[in-house]
>>> print(open('start.cif').read())   # mmCIF, C-alpha atoms
data_coords
loop_
_atom_site.label_atom_id
_atom_site.label_comp_id
_atom_site.auth_asym_id
_atom_site.auth_seq_id
_atom_site.Cartn_x
_atom_site.Cartn_y
_atom_site.Cartn_z
CA MET A 1 -68.30 25.16 54.24
CA ASN A 2 -66.23 23.27 56.82
CA ASP A 3 -62.67 22.81 55.51
CA SER A 4 -61.22 20.80 58.38
CA ILE A 5 -61.21 17.17 59.51
CA THR A 6 -59.41 16.21 62.70
CA ASP A 7 -58.85 13.15 64.89
CA ARG A 8 -60.00 10.68 62.24
CA ASP A 9 -58.42 7.50 60.91
CA ILE A 10 -57.61 7.71 57.20
CA ILE A 11 -56.60 4.73 55.05
CA ILE A 12 -54.94 5.66 51.75
CA VAL A 13 -54.58 3.20 48.88
CA GLY A 14 -53.29 3.95 45.42
CA GLN A 15 -51.01 3.11 42.54
CA GLN A 16 -47.90 4.92 43.75
CA PRO A 17 -46.05 3.23 46.61
CA TRP A 18 -44.37 5.24 49.32
CA ASP A 19 -40.94 4.39 47.86
CA VAL A 20 -41.83 5.65 44.36
CA GLU A 21 -38.87 7.36 42.71
CA ILE A 22 -40.82 10.37 41.44
CA GLY A 23 -43.02 12.95 43.15
CA SER A 24 -46.44 11.78 44.25
CA ASN A 25 -49.59 13.83 44.85
CA CYS A 26 -50.91 11.14 47.13
CA LYS A 27 -47.83 11.14 49.36
CA ASN A 28 -48.05 14.90 49.78
CA ILE A 29 -51.75 14.62 50.58
CA ALA A 30 -51.00 11.90 53.14
CA VAL A 31 -48.41 14.06 54.89
CA GLU A 32 -50.81 17.00 55.05
CA MET A 33 -53.70 14.86 56.31
CA SER A 34 -51.48 13.35 59.01
CA LYS A 35 -50.99 16.75 60.65
CA HIS A 36 -54.39 16.40 62.34
CA ASN A 37 -55.39 12.76 61.69
CA ARG A 38 -53.93 9.29 61.94
CA VAL A 39 -52.99 8.14 58.43
CA LEU A 40 -52.11 4.67 57.16
CA TYR A 41 -50.58 4.82 53.67
CA VAL A 42 -51.02 1.39 52.08
CA ASN A 43 -48.72 0.29 49.28
CA SER A 44 -50.14 -1.87 46.51
CA PRO A 45 -49.76 -5.60 47.13
CA LEU A 46 -47.07 -7.43 45.24
CA ASP A 47 -48.49 -9.45 42.34
CA ARG A 48 -47.08 -12.71 41.03
CA ILE A 49 -45.86 -11.52 37.62
CA THR A 50 -44.04 -8.55 39.15
CA LYS A 51 -42.34 -10.90 41.57
CA MET A 52 -41.26 -13.21 38.74
CA ARG A 53 -39.97 -10.42 36.48
CA HIS A 54 -38.38 -8.07 39.01
CA ALA A 55 -37.45 -10.24 41.98
CA HIS A 56 -33.92 -8.82 42.22
CA GLU A 57 -34.91 -5.16 42.27
CA PRO A 58 -34.49 -3.62 45.75
CA ARG A 59 -38.11 -2.46 46.02
CA ILE A 60 -39.42 -5.92 45.13
CA GLU A 61 -36.91 -7.64 47.42
CA LYS A 62 -38.26 -5.46 50.24
CA ARG A 63 -41.82 -6.64 49.56
CA ILE A 64 -40.76 -10.29 49.34
CA ASP A 65 -39.01 -9.94 52.69
CA VAL A 66 -42.24 -8.58 54.19
CA ILE A 67 -44.23 -11.51 52.82
CA ARG A 68 -41.63 -13.90 54.26
CA HIS A 69 -41.80 -12.06 57.62
CA LYS A 70 -38.16 -11.01 57.33
CA ALA A 71 -38.98 -7.30 57.34
CA PRO A 72 -41.64 -5.23 59.13
CA SER A 73 -44.85 -4.54 57.27
CA LEU A 74 -45.62 -1.37 59.22
CA VAL A 75 -43.15 1.52 59.14
CA GLN A 76 -43.73 4.70 61.10
CA LEU A 77 -42.84 7.81 59.09
CA ASP A 78 -44.00 10.54 61.46
CA ALA A 79 -46.04 10.96 64.61
CA ASN A 80 -49.37 10.23 62.89
CA LEU A 81 -48.19 8.66 59.63
CA TRP A 82 -47.40 5.02 58.84
CA THR A 83 -46.78 3.20 55.59
CA PHE A 84 -47.87 -0.41 55.24
CA TYR A 85 -46.50 -3.16 53.00
CA PRO A 86 -49.12 -5.91 52.51
CA GLU A 87 -48.06 -9.31 53.83
CA LYS A 88 -49.83 -11.31 51.13
CA MET A 89 -49.28 -11.54 47.39
CA VAL A 90 -52.11 -11.25 44.86
CA GLU A 91 -52.51 -12.89 41.47
CA SER A 92 -51.83 -11.16 38.15
CA ILE A 93 -55.17 -11.29 36.34
CA ASN A 94 -55.29 -8.36 33.91
CA TRP A 95 -54.63 -10.66 30.95
CA ILE A 96 -57.95 -12.44 31.48
CA LYS A 97 -60.47 -11.43 28.80
CA SER A 98 -63.66 -12.75 30.36
CA PRO A 99 -65.37 -10.04 32.47
CA ALA A 100 -67.03 -12.66 34.68
CA ILE A 101 -63.80 -14.53 35.43
CA PHE A 102 -61.87 -11.29 35.92
CA ASN A 103 -64.52 -9.99 38.35
CA PHE A 104 -64.42 -13.22 40.35
CA LEU A 105 -60.63 -13.21 40.65
CA ASN A 106 -60.46 -9.47 41.23
CA LYS A 107 -62.84 -9.80 44.16
CA ARG A 108 -60.59 -12.55 45.52
CA ASN A 109 -57.55 -10.25 45.15
CA ASN A 110 -59.50 -7.48 46.90
CA ARG A 111 -60.30 -9.86 49.75
CA ILE A 112 -56.63 -10.81 50.17
CA PHE A 113 -55.68 -7.12 50.09
CA ALA A 114 -58.47 -6.09 52.47
CA ASN A 115 -57.61 -8.82 54.98
CA SER A 116 -54.02 -7.64 55.00
CA ILE A 117 -55.10 -4.03 55.55
CA GLN A 118 -57.52 -5.14 58.25
CA ARG A 119 -54.68 -6.73 60.20
CA ALA A 120 -52.86 -3.40 60.14
CA MET A 121 -56.05 -1.61 61.18
CA ASP A 122 -56.41 -4.00 64.11
CA VAL A 123 -52.95 -3.02 65.36
CA PHE A 124 -54.22 0.55 65.78
CA GLY A 125 -57.80 -0.30 66.68
CA ILE A 126 -59.09 1.44 63.54
CA LYS A 127 -62.79 1.09 62.80
CA ALA A 128 -64.90 2.88 60.16
CA PRO A 129 -62.02 4.82 58.56
CA ILE A 130 -62.09 7.39 55.82
CA LEU A 131 -60.91 5.44 52.75
CA PHE A 132 -59.01 7.56 50.22
CA ASN A 133 -58.50 5.73 46.92
CA ASP A 134 -55.93 7.24 44.55
CA ASN A 135 -56.96 5.84 41.15
CA GLU A 136 -56.68 2.20 42.35
CA ILE A 137 -59.44 0.91 40.06
CA PHE A 138 -58.94 -2.84 40.35
CA ARG A 139 -57.46 -3.70 43.74
CA GLY A 140 -59.46 -0.96 45.44
CA PHE A 141 -62.79 -1.79 43.84
CA TYR A 142 -64.35 -3.61 46.82
CA LEU A 143 -62.41 -2.02 49.69
CA LYS A 144 -65.22 0.36 50.67
CA GLU A 145 -67.39 -2.60 51.63
CA MET A 146 -64.67 -4.94 52.85
CA LEU A 147 -63.09 -2.39 55.20
CA GLN A 148 -66.47 -0.97 56.26
CA ALA A 149 -65.35 2.56 55.53
CA ALA A 150 -67.32 5.40 57.10
CA VAL A 151 -66.79 7.38 53.90
CA SER A 152 -65.04 6.43 50.68
CA VAL A 153 -63.25 8.99 48.53
CA TYR A 154 -62.17 8.35 44.94
CA TYR A 155 -59.30 10.61 43.86
CA SER A 156 -59.00 11.12 40.10
CA ARG A 157 -55.71 12.65 38.96
CA ASP A 158 -55.28 10.94 35.57
CA TYR A 159 -57.61 9.74 32.83
CA LEU A 160 -56.35 6.16 32.73
CA LEU A 161 -58.80 4.46 30.42
CA THR A 162 -56.76 5.10 27.26
CA VAL A 163 -53.73 3.34 28.77
CA ASP A 164 -53.46 -0.25 27.53
CA TYR A 165 -53.30 -1.76 31.03
CA TRP A 166 -56.61 -0.17 32.06
CA LYS A 167 -58.57 -0.30 28.79
CA LEU A 168 -60.18 -3.73 28.89
CA HIS A 169 -61.58 -3.89 32.41
CA GLY A 170 -61.08 -0.29 33.53
CA LYS A 171 -63.74 0.99 31.15
CA ARG A 172 -66.24 -1.24 32.94
CA LEU A 173 -65.02 -0.84 36.49
CA GLU A 174 -63.93 2.76 36.94
CA PRO A 175 -67.39 4.26 36.26
CA SER A 176 -68.87 1.77 38.75
CA LEU A 177 -66.21 2.59 41.35
CA ILE A 178 -66.82 6.31 40.91
CA ALA A 179 -70.57 5.80 41.20
CA LYS A 180 -70.43 3.80 44.42
CA SER A 181 -67.85 6.04 46.13
CA ASP A 182 -69.35 8.48 48.59
CA VAL A 183 -67.46 11.38 47.06
CA CYS A 184 -65.05 11.93 44.17
CA VAL A 185 -62.35 14.59 44.09
CA ALA A 186 -60.25 15.50 41.08
CA ASN A 187 -57.17 17.62 40.49
CA SER A 188 -58.47 19.09 37.23
CA THR A 189 -61.78 20.44 36.00
CA PHE A 190 -61.71 17.94 33.13
CA LEU A 191 -61.51 14.99 35.51
CA ALA A 192 -64.11 16.46 37.87
CA ASP A 193 -66.53 16.73 34.93
CA TYR A 194 -65.71 13.15 33.96
CA CYS A 195 -66.43 11.86 37.47
CA ARG A 196 -69.64 13.92 37.67
CA GLN A 197 -71.09 11.85 34.82
CA TYR A 198 -71.31 8.93 37.28
CA ASN A 199 -71.44 10.61 40.68
CA PRO A 200 -72.98 14.04 41.34
CA SER A 201 -70.82 14.38 44.46
CA SER A 202 -67.71 15.11 42.39
CA TYR A 203 -65.52 18.13 43.05
CA TYR A 204 -62.53 19.91 41.56
CA VAL A 205 -60.03 20.36 44.42
CA GLY A 206 -56.94 21.59 42.57
CA GLN A 207 -53.49 20.49 43.58
CA GLY A 208 -50.70 21.44 45.90
CA CYS A 209 -47.00 22.14 45.71
CA ASP A 210 -44.27 21.60 48.29
CA LEU A 211 -43.66 25.31 48.64
CA GLU A 212 -41.04 24.99 51.35
CA MET A 213 -38.84 22.72 49.24
CA PHE A 214 -39.16 24.97 46.18
CA SER A 215 -38.76 28.35 47.86
CA GLN A 216 -35.28 28.41 49.35
CA LYS A 217 -33.13 31.46 48.70
CA ALA A 218 -30.15 29.67 47.15
CA TYR A 219 -29.24 26.29 45.68
CA VAL A 220 -25.89 24.74 44.82
CA GLN A 221 -25.73 23.81 41.15
CA PRO A 222 -25.58 20.01 40.81
CA ALA A 223 -22.24 18.61 39.67
CA ASP A 224 -23.75 16.80 36.67
CA MET A 225 -25.33 19.93 35.20
CA PRO A 226 -23.63 20.82 31.90
CA GLN A 227 -21.30 23.81 32.10
CA THR A 228 -22.36 26.41 29.54
CA ASN A 229 -22.83 30.14 29.04
CA GLN A 230 -25.72 29.49 26.65
CA PRO A 231 -29.42 29.28 27.66
CA VAL A 232 -30.39 26.14 29.56
CA ILE A 233 -33.88 24.82 28.82
CA GLY A 234 -34.95 22.17 31.34
CA TYR A 235 -37.56 19.60 32.24
CA VAL A 236 -37.89 17.53 35.43
CA GLY A 237 -40.14 14.49 35.74
CA ALA A 238 -40.71 11.04 34.30
CA LEU A 239 -39.70 10.85 30.65
CA GLN A 240 -42.60 8.85 29.24
CA SER A 241 -43.58 8.90 25.57
CA LEU A 242 -47.22 8.48 26.58
CA ARG A 243 -47.08 11.95 28.14
CA LEU A 244 -44.23 13.84 26.50
CA ASP A 245 -43.72 14.81 22.85
CA ILE A 246 -40.33 13.44 21.75
CA ASP A 247 -40.61 14.97 18.27
CA LEU A 248 -41.24 18.38 19.85
CA LEU A 249 -38.10 18.06 21.97
CA VAL A 250 -36.08 17.03 18.91
CA ALA A 251 -37.40 20.05 17.03
CA ILE A 252 -36.46 22.47 19.82
CA ALA A 253 -32.97 21.01 20.15
CA THR A 254 -32.25 20.97 16.40
CA ARG A 255 -33.70 24.41 15.62
CA LYS A 256 -31.71 26.01 18.43
CA PRO A 257 -28.43 24.06 18.65
CA HIS A 258 -26.85 26.74 20.88
CA TRP A 259 -29.47 26.06 23.57
CA THR A 260 -28.71 23.33 26.11
CA LEU A 261 -31.67 21.02 26.69
CA VAL A 262 -31.51 19.24 30.08
CA LEU A 263 -33.91 16.37 30.89
CA VAL A 264 -34.00 15.14 34.48
CA GLY A 265 -35.94 11.95 35.23
CA PRO A 266 -36.26 8.22 34.52
CA GLU A 267 -36.70 7.28 30.85
CA ASP A 268 -39.01 4.78 29.19
CA ASP A 269 -37.87 2.65 26.22
CA ALA A 270 -39.07 5.17 23.63
CA PHE A 271 -36.94 7.92 25.15
CA ARG A 272 -33.92 5.63 25.51
CA LYS A 273 -34.14 4.75 21.80
CA SER A 274 -34.95 8.27 20.60
CA GLN A 275 -32.92 10.60 18.39
CA LEU A 276 -32.51 12.88 21.40
CA HIS A 277 -29.59 10.77 22.59
CA GLN A 278 -27.69 11.58 19.38
CA LEU A 279 -28.04 15.35 19.75
CA PRO A 280 -24.98 17.02 21.34
CA ASN A 281 -26.99 19.75 23.07
CA VAL A 282 -29.37 17.34 24.81
CA HIS A 283 -28.36 16.02 28.23
CA PHE A 284 -30.12 13.21 30.10
CA LEU A 285 -29.28 13.34 33.80
CA GLY A 286 -31.37 10.39 34.99
CA ALA A 287 -33.70 9.93 37.95
CA LYS A 288 -33.10 12.04 41.05
CA GLU A 289 -34.48 12.10 44.56
CA PRO A 290 -37.42 14.53 44.76
CA THR A 291 -35.50 16.68 47.26
CA ALA A 292 -32.74 17.17 44.68
CA LEU A 293 -35.03 18.58 41.98
CA PRO A 294 -35.13 22.23 43.15
CA ALA A 295 -31.37 22.58 42.60
CA TYR A 296 -31.79 21.43 39.00
CA ILE A 297 -34.74 23.75 38.37
CA ALA A 298 -32.70 26.62 39.82
CA SER A 299 -30.06 25.90 37.15
CA PHE A 300 -32.54 26.27 34.26
CA ASP A 301 -33.14 29.55 32.44
CA VAL A 302 -36.51 28.36 31.14
CA CYS A 303 -38.58 25.38 32.30
CA ILE A 304 -40.74 23.41 29.87
CA ASN A 305 -43.56 20.89 29.98
CA PRO A 306 -43.67 19.46 26.43
CA GLN A 307 -46.80 17.35 26.80
CA VAL A 308 -48.10 15.32 23.91
CA LEU A 309 -51.83 15.91 23.55
CA ASN A 310 -53.87 12.75 24.02
CA GLU A 311 -56.72 11.50 26.18
CA VAL A 312 -54.35 10.82 29.07
CA THR A 313 -52.86 14.31 29.20
CA ILE A 314 -55.62 16.57 27.84
CA GLY A 315 -57.18 17.25 31.23
CA ASN A 316 -54.40 16.59 33.72
CA TYR A 317 -52.85 19.01 36.21
CA PRO A 318 -49.05 18.86 35.76
CA ARG A 319 -47.66 19.31 39.29
CA LYS A 320 -44.33 20.46 37.89
CA ILE A 321 -45.90 23.71 36.65
CA ASP A 322 -46.41 24.88 40.24
CA GLU A 323 -42.92 23.68 41.16
CA TYR A 324 -41.38 25.71 38.34
CA LEU A 325 -43.45 28.79 39.20
CA ALA A 326 -42.71 28.49 42.93
CA MET A 327 -39.07 29.05 42.02
CA GLY A 328 -39.96 32.05 39.86
CA LYS A 329 -38.92 30.38 36.63
CA PRO A 330 -40.38 31.23 33.21
CA VAL A 331 -42.50 28.29 32.06
CA VAL A 332 -43.31 27.25 28.50
CA ALA A 333 -45.91 24.49 28.26
CA THR A 334 -48.32 22.79 25.91
CA LYS A 335 -51.66 24.55 25.67
CA THR A 336 -54.72 22.70 26.99
CA ASP A 337 -58.10 24.01 28.14
CA PHE A 338 -57.06 23.41 31.75
CA MET A 339 -53.69 25.14 31.37
CA GLN A 340 -55.42 28.04 29.64
CA ALA A 341 -57.99 28.37 32.43
CA VAL A 342 -55.58 28.10 35.38
CA PHE A 343 -52.10 29.15 34.24
CA ALA A 344 -52.52 31.43 31.20
CA ASP A 345 -51.44 34.58 33.07
CA TYR A 346 -48.26 33.01 34.43
CA THR A 347 -46.94 30.76 31.64
CA TYR A 348 -46.33 30.75 27.89
CA LEU A 349 -48.70 28.24 26.27
CA CYS A 350 -47.92 26.67 22.89
CA ASN A 351 -49.40 24.32 20.34
CA SER A 352 -46.50 23.66 17.92
CA ALA A 353 -42.74 23.34 17.74
CA GLN A 354 -42.33 26.84 16.31
CA THR A 355 -44.52 28.46 18.96
CA TYR A 356 -42.44 26.63 21.58
CA VAL A 357 -39.22 28.05 20.14
CA ASP A 358 -40.72 31.53 19.87
CA ALA A 359 -42.09 31.39 23.43
CA ILE A 360 -38.77 30.22 24.88
CA GLU A 361 -37.00 33.09 23.13
CA LYS A 362 -39.57 35.53 24.48
CA ALA A 363 -39.27 34.07 27.99
CA LEU A 364 -35.49 34.46 27.90
CA GLN A 365 -35.77 38.07 26.76
CA GLU A 366 -38.43 39.38 29.13
CA ASP A 367 -37.72 37.51 32.37
CA SER A 368 -37.33 39.91 35.28
CA PRO A 369 -37.39 40.01 39.10
CA THR A 370 -40.91 41.46 38.90
CA LEU A 371 -42.19 38.55 36.82
CA GLN A 372 -40.37 36.07 39.05
CA GLU A 373 -42.12 37.42 42.15
CA LYS A 374 -45.47 37.36 40.38
CA ARG A 375 -44.98 33.66 39.58
CA LYS A 376 -43.91 32.84 43.12
CA THR A 377 -46.91 34.64 44.64
CA PHE A 378 -49.33 32.77 42.40
CA ALA A 379 -47.73 29.38 43.10
CA ALA A 380 -47.98 30.06 46.84
CA THR A 381 -51.77 29.82 46.58
CA HIS A 382 -51.40 26.19 45.48
CA SER A 383 -50.22 24.72 48.76
CA TRP A 384 -50.93 21.15 49.87
CA GLU A 385 -52.69 22.65 52.88
CA ASN A 386 -55.16 24.45 50.60
CA ASN A 387 -55.55 21.35 48.43
CA VAL A 388 -56.39 19.14 51.41
CA LYS A 389 -58.81 21.74 52.74
CA GLU A 390 -60.75 21.43 49.47
CA ILE A 391 -60.77 17.64 49.86
CA TYR A 392 -62.06 18.03 53.42
CA LYS A 393 -64.82 20.35 52.19
CA ALA A 394 -65.97 17.68 49.74
CA ILE A 395 -65.93 14.95 52.40
CA ASN A 396 -67.76 17.12 54.92
CA ALA A 397 -70.41 18.07 52.36
CA VAL A 398 -71.25 14.41 51.86
CA GLU A 399 -71.05 13.38 55.53
CA HIS A 400 -73.19 16.28 56.70
CA ARG A 401 -75.77 15.60 53.99
CA GLU A 402 -76.07 11.99 55.11
CA SER A 403 -76.16 12.74 58.85
#
>>> encode(input="start.cif", output="structure tokens")
Amino acid sequence: MNDSITDRDIIIVGQQPWDVEIGSNCKNIAVEMSKHNRVLYVNSPLDRITKMRHAHEPRIEKRIDVIRHKAPSLVQLDANLWTFYPEKMVESINWIKSPAIFNFLNKRNNRIFANSIQRAMDVFGIKAPILFNDNEIFRGFYLKEMLQAAVSVYYSRDYLLTVDYWKLHGKRLEPSLIAKSDVCVANSTFLADYCRQYNPSSYYVGQGCDLEMFSQKAYVQPADMPQTNQPVIGYVGALQSLRLDIDLLVAIATRKPHWTLVLVGPEDDAFRKSQLHQLPNVHFLGAKEPTALPAYIASFDVCINPQVLNEVTIGNYPRKIDEYLAMGKPVVATKTDFMQAVFADYTYLCNSAQTYVDAIEKALQEDSPTLQEKRKTFAATHSWENNVKEIYKAINAVEHRES
């Protein structure tokens, strides 16, 4: 099956803006696609409530300046890659209970968004693009039609419908969006099966890892890493109670007080208020630039992914697993069907606090250069190049069937 697409125009919309403070699948996909295609990465439009609540945050100030024509809306990132900040604001409508009223106003928001994107497309003379929608259920619902996309791709990387923001209208709209997309691609088998309920042209495409960033020979230990001769157990990524098990982390830290637990990433309110902040062997180092993360991972003896099991996390593909493995690190993670199917031979999978503690001890004891090389070799198969090739296969399968 053909795994290449070249010399096409690709419009990418999604939930994560280009200036997101954590790693983003969609950004990595955009960079890879731009090697042989012209790519326009579109940030979500600013909505009224966000403007009111966060007007003095730098990212929001940037968007307000664009709307006021005080800053450029189009920013070139590389030879074939641009990011676009919409020049119009949309209304905040998710609080509306009536499906009919929500649909009417959501279509209006889509029209405002589409018109803004169309102006950017006109700058480049783009017609009939490939539209790649990264889980943008609401503001991307009508873009296939409004932008007259040659092919529309829905990218599923999270099961969002259990999250409060998406529950009310997402349960109605996401299945419809999946069904009317030309092709759906998912980064886990669970999500591919979910999409296939509504669209038979749904494919598991895996996920990539920035192998170059995570495969250097040496890293300088960051200055804010705690100085200790005891084992360092680490996690990098957003610290969100929806996804991570705070009680599990407390249990690990209290059962093994001589271990140093290092958490790198932005915290939500539940983490900020948690007992973890009272434990002397737990260190919160805050959000870091993605390029700084390898140096932190290099400083860990064992890397963990302490997921809480719920409908949001049960089928997801945690990108950090590949990042840990690419650096040869022992990985202890929560056991799911997907983790068992893909990573069982290269990680320690657990389902309780005690099995986590036991697995970390085992990982510390048996780590070796041979195991490190085995992990690195496996992670190397999960490149963004291979991931995008699988996406191209899915697109080509649909386009060739219709031609």
>>> resolve_selection(input="start.cif", expression="the PyMOL selection byres ((chain A and resi 324) around 10)", output="list in words")
Cys209, Phe214, Tyr235, Val236, Pro294, Ile297, Ala298, Phe300, Val302, Cys303, Ile304, Asn305, Arg319, Lys320, Ile321, Asp322, Glu323, Leu325, Ala326, Met327, Gly328, Lys329, Pro330, Val331, Arg375, Lys376 and Ala379 of chain A
>>> closest_atom_pairs(input="start.cif", of="stretch 123-233 of chain A", to="stretch 4-9 of chain A", cutoff="9 Å", atoms="all atoms listed in the file", output="JSON lines")
{"residue": "A:Ile126", "atom": "CA", "partner": "A:Asp9", "partner_atom": "CA", "distance": 6.6}
{"residue": "A:Lys127", "atom": "CA", "partner": "A:Asp9", "partner_atom": "CA", "distance": 8.0}
{"residue": "A:Ala128", "atom": "CA", "partner": "A:Asp9", "partner_atom": "CA", "distance": 8.0}
{"residue": "A:Pro129", "atom": "CA", "partner": "A:Asp9", "partner_atom": "CA", "distance": 5.1}
{"residue": "A:Ile130", "atom": "CA", "partner": "A:Asp9", "partner_atom": "CA", "distance": 6.3}
{"residue": "A:Leu131", "atom": "CA", "partner": "A:Asp9", "partner_atom": "CA", "distance": 8.8}
>>> write_last_selection(input="start.cif", atoms="C-alpha atoms", output="tab-separated table (two decimals), keeping the file's coordinate frame")
chain	number	residue	atom	x	y	z
A	126	ILE	CA	-59.09	1.44	63.54
A	127	LYS	CA	-62.79	1.09	62.80
A	128	ALA	CA	-64.90	2.88	60.16
A	129	PRO	CA	-62.02	4.82	58.56
A	130	ILE	CA	-62.09	7.39	55.82
A	131	LEU	CA	-60.91	5.44	52.75
>>> residues_around(input="start.cif", residues="A:Glu390", least_positions_apart="6", cutoff="12 Å", atoms="only C-alpha atoms", output="ChimeraX atom specification")
/A:1-5,29,33,184-187,202-208,382-384,396-397
>>> resolve_selection(input="start.cif", expression="the PyMOL selection byres ((chain A and resi 337) around 12)", output="PDB file with C-alpha atoms, in the coordinates of the input")
ATOM      1  CA  SER A 188     -58.470  19.090  37.230  1.00  0.00           C
ATOM      2  CA  THR A 189     -61.780  20.440  36.000  1.00  0.00           C
ATOM      3  CA  PHE A 190     -61.710  17.940  33.130  1.00  0.00           C
ATOM      4  CA  LEU A 309     -51.830  15.910  23.550  1.00  0.00           C
ATOM      5  CA  THR A 313     -52.860  14.310  29.200  1.00  0.00           C
ATOM      6  CA  ILE A 314     -55.620  16.570  27.840  1.00  0.00           C
ATOM      7  CA  GLY A 315     -57.180  17.250  31.230  1.00  0.00           C
ATOM      8  CA  ASN A 316     -54.400  16.590  33.720  1.00  0.00           C
ATOM      9  CA  TYR A 317     -52.850  19.010  36.210  1.00  0.00           C
ATOM     10  CA  THR A 334     -48.320  22.790  25.910  1.00  0.00           C
ATOM     11  CA  LYS A 335     -51.660  24.550  25.670  1.00  0.00           C
ATOM     12  CA  THR A 336     -54.720  22.700  26.990  1.00  0.00           C
ATOM     13  CA  PHE A 338     -57.060  23.410  31.750  1.00  0.00           C
ATOM     14  CA  MET A 339     -53.690  25.140  31.370  1.00  0.00           C
ATOM     15  CA  GLN A 340     -55.420  28.040  29.640  1.00  0.00           C
ATOM     16  CA  ALA A 341     -57.990  28.370  32.430  1.00  0.00           C
ATOM     17  CA  VAL A 342     -55.580  28.100  35.380  1.00  0.00           C
ATOM     18  CA  PHE A 343     -52.100  29.150  34.240  1.00  0.00           C
ATOM     19  CA  ALA A 344     -52.520  31.430  31.200  1.00  0.00           C
ATOM     20  CA  LEU A 349     -48.700  28.240  26.270  1.00  0.00           C
ATOM     21  CA  CYS A 350     -47.920  26.670  22.890  1.00  0.00           C
ATOM     22  CA  ASN A 351     -49.400  24.320  20.340  1.00  0.00           C
TER      23      ASN A 351
END
>>> resolve_selection(input="start.cif", expression="the PyMOL selection byres ((chain A and resi 50) around 12)", output="tab-separated table (two decimals) with C-alpha atoms, keeping the file's coordinate frame")
chain	number	residue	atom	x	y	z
A	44	SER	CA	-50.14	-1.87	46.51
A	45	PRO	CA	-49.76	-5.60	47.13
A	46	LEU	CA	-47.07	-7.43	45.24
A	47	ASP	CA	-48.49	-9.45	42.34
A	48	ARG	CA	-47.08	-12.71	41.03
A	49	ILE	CA	-45.86	-11.52	37.62
A	51	LYS	CA	-42.34	-10.90	41.57
A	52	MET	CA	-41.26	-13.21	38.74
A	53	ARG	CA	-39.97	-10.42	36.48
A	54	HIS	CA	-38.38	-8.07	39.01
A	55	ALA	CA	-37.45	-10.24	41.98
A	56	HIS	CA	-33.92	-8.82	42.22
A	57	GLU	CA	-34.91	-5.16	42.27
A	59	ARG	CA	-38.11	-2.46	46.02
A	60	ILE	CA	-39.42	-5.92	45.13
A	61	GLU	CA	-36.91	-7.64	47.42
A	63	ARG	CA	-41.82	-6.64	49.56
A	64	ILE	CA	-40.76	-10.29	49.34
A	89	MET	CA	-49.28	-11.54	47.39
A	90	VAL	CA	-52.11	-11.25	44.86
A	91	GLU	CA	-52.51	-12.89	41.47
A	92	SER	CA	-51.83	-11.16	38.15
A	93	ILE	CA	-55.17	-11.29	36.34
>>> closest_atom_pairs(input="start.cif", of="stretch 181-298 of chain A", to="stretch 137-154 of chain A", cutoff="6 Å", atoms="all atoms listed in the file", output="CSV")
residue,atom,partner,partner_atom,distance
A:Ser181,CA,A:Ser152,CA,5.4
A:Asp182,CA,A:Ser152,CA,5.2
A:Val183,CA,A:Val153,CA,5.1
A:Cys184,CA,A:Tyr154,CA,4.7
>>> axis_aligned_box(input="start.cif", around="stretch 276-290 of chain A", padding_each_side="3 Å", output="AutoDock Vina command-line options")
--center_x -31.2 --center_y 14.8 --center_z 32.1 --size_x 18.4 --size_y 15.8 --size_z 31.4
>>> residues_around(input="start.cif", residues="A:Val220", least_positions_apart="5", cutoff="9 Å", atoms="only C-alpha atoms", output="PDB file with C-alpha atoms, in the frame of the given file")
ATOM      1  CA  ALA A 295     -31.370  22.580  42.600  1.00  0.00           C
ATOM      2  CA  TYR A 296     -31.790  21.430  39.000  1.00  0.00           C
ATOM      3  CA  ALA A 298     -32.700  26.620  39.820  1.00  0.00           C
ATOM      4  CA  SER A 299     -30.060  25.900  37.150  1.00  0.00           C
TER       5      SER A 299
END
>>> atom_distance(input="start.cif", atom1="atom CA of A:Leu40", atom2="atom CA of A:Lys288")
26.0 Å
>>> residues_around(input="start.cif", residues="stretch 16-23 of chain A", least_positions_apart="4", cutoff="9 Å", atoms="all atoms listed in the file", output="NGL selection string")
:A and (27-28 or 41-44 or 59 or 83-84 or 134 or 237-238 or 265-266 or 287-290 or 319)
